[in-house]
Amino acid sequence: MGDPGVPNTSNKTSSSADDETHVGDQFEVPAYEPHPSSTTLKERIRHHYELASDYYYSLWGQHIHHAYFLSPTDTKETGQTNLINLLLEISSLSPNSTVLDVGCGIGGTTRHLARDHGCTVTGITISGRQVQIAKRLTDNESSSSTSTTTPAAADNFTPIGTRGGRVAYQELDAEKMESHFQPSSFDCVWISEALSHFPDKPLFFRNAARLLKPGGQGGKLVIADWFKAENLDAEAMETDIKPIEDGMLLPPLCTQADYVSLAESAGLKVLHQPEDISKDVAKTWDISWDLISSPSLWAFAISQGRDGLAFLQAFRAMRRGYANGTFRYAVMAFEKP
């Protein structure tokens with residue numbers, strides 16, 4: 001697997017692609033702009049996904065998350081499935097589990113868990129546009145995979161696949177999920193590359209612990225996310241981490257150890273220690289940098305103001321952070337006793 005490595009704060013990258021001409025070189029990197037409040041940050045995140053989710057789908061497909069490259073022949077699509085399978089492996093999630101997919105995007109993982117693992121999955125996202133796309137893709141898959149279209153049940157779950165899996169989607173701020181679902185409702189809370197967006201991470205861990213089923217085969221919290229490396233100096237924070245936090249609409253990034261501490265404080269126990277797979281996912285951003293080489297895409301981003309330009313320029317910062325070892329990616333799992 002990946003090696004946490006030692007951060008290289010020289011601000012040099014090992015990617016030869018940075019020496020090649022790219023349309024992004026024509027535009028400045030906006031100066032760092034701190035988020036004035038958690039409410040403002042969440043509104044910016046919602047606006048971003050309302051605007052950009054169709055582009056995500058056209059560029060990246062159904063899974064809006066990193067690809068985990070296990071072999072030279074892996075594509076971004078097989079790599080994305082590899083990541084889901086890694087999370088299933090480290091969590092030992094049982095087939096036919098009830099799952100809350102937090103920050104479900106356009107439902108790629110939601111459908112995968114239902115189709116291939118027979119799970120009943122509720123996907124929640126802050127973006128109404130993402131819910132619309134997820135429902136459309138689900139309806140298309142459901143109708144094409146059976147000889148007759150199976151309508152959604154009265155509880156709004158749509159059957160998908162042949163293993164008894166079902167999916168439903170809701171527009172919901174994840175920080176309000178405690179009041180939206182009954183305690184001990186889920187076998188698993190699954191969150192992939194969404195928790196780094198949340199301003200109040202202790203609240204999320206407390207809410208997840210409340211919603212998970214306890215005892216025996218206790219409920220599981222499964223996480224894949226972005227992190228800063230330990231013990232970064234001011235230069236590394238300024239040159240590598242802040243442009244990522246700014247462009248990707250993140251509050252201050254945590255370390256992997258921070259998540260362990262927050263989970264344990266919420267009453268969860270470690271099921272699988274953080275596993276750093278940075279070197280096996282970093283290629284995601286080389287592919288992404290190539291995918292955003294269209295001048296028209298940059299023109300559209302600029303038309304949306306500084307956040308649009310900061311977002312695209314953050315792709316460059318992500319590559320630099322991986323190359324320098326200052327930006328990390330890890331998976332982990334926790335269990336409710």
# chains A, B, ... in the order shown; residues from 1 in each chain; ligands from 1
call {"tool": "residues_around", "arguments": {"residues": "Gly219 (chain A)", "least_positions_apart": "5", "cutoff": "10 Å", "atoms": "only C-alpha atoms", "output": "MDAnalysis selection string"}}
result
chainID A and resid 93 97:99 184:189 208:214 268 334:337
call {"tool": "residues_around", "arguments": {"residues": "Leu291 (chain A)", "least_positions_apart": "6", "cutoff": "12 Å", "atoms": "only C-alpha atoms", "output": "MDAnalysis selection string"}}
result
chainID A and resid 22:24 55:56 58:61 76 284:285 297:298 312 315
call {"tool": "closest_residue", "arguments": {"among": "A:Ala114, A:Val281, A:Ile124, A:Cys119", "to": "Ile191 (chain A)", "atoms": "only C-alpha atoms"}}
result
A:Ile124
call {"tool": "residues_around", "arguments": {"residues": "Glu230 (chain A)", "least_positions_apart": "6", "cutoff": "9 Å", "atoms": "only C-alpha atoms", "output": "list in words"}}
result
Pro7, Thr255, Gln256, Ala257 and Thr326 of chain A
call {"tool": "atom_distance", "arguments": {"atom1": "CA of Glu193 (chain A)", "atom2": "CA of Ala224 (chain A)"}}
result
5.7 Å
call {"tool": "closest_residue", "arguments": {"among": "A:Ser265, A:Ser92, A:Gln62, A:Ser143", "to": "His112 (chain A)", "atoms": "only C-alpha atoms"}}
result
A:Gln62
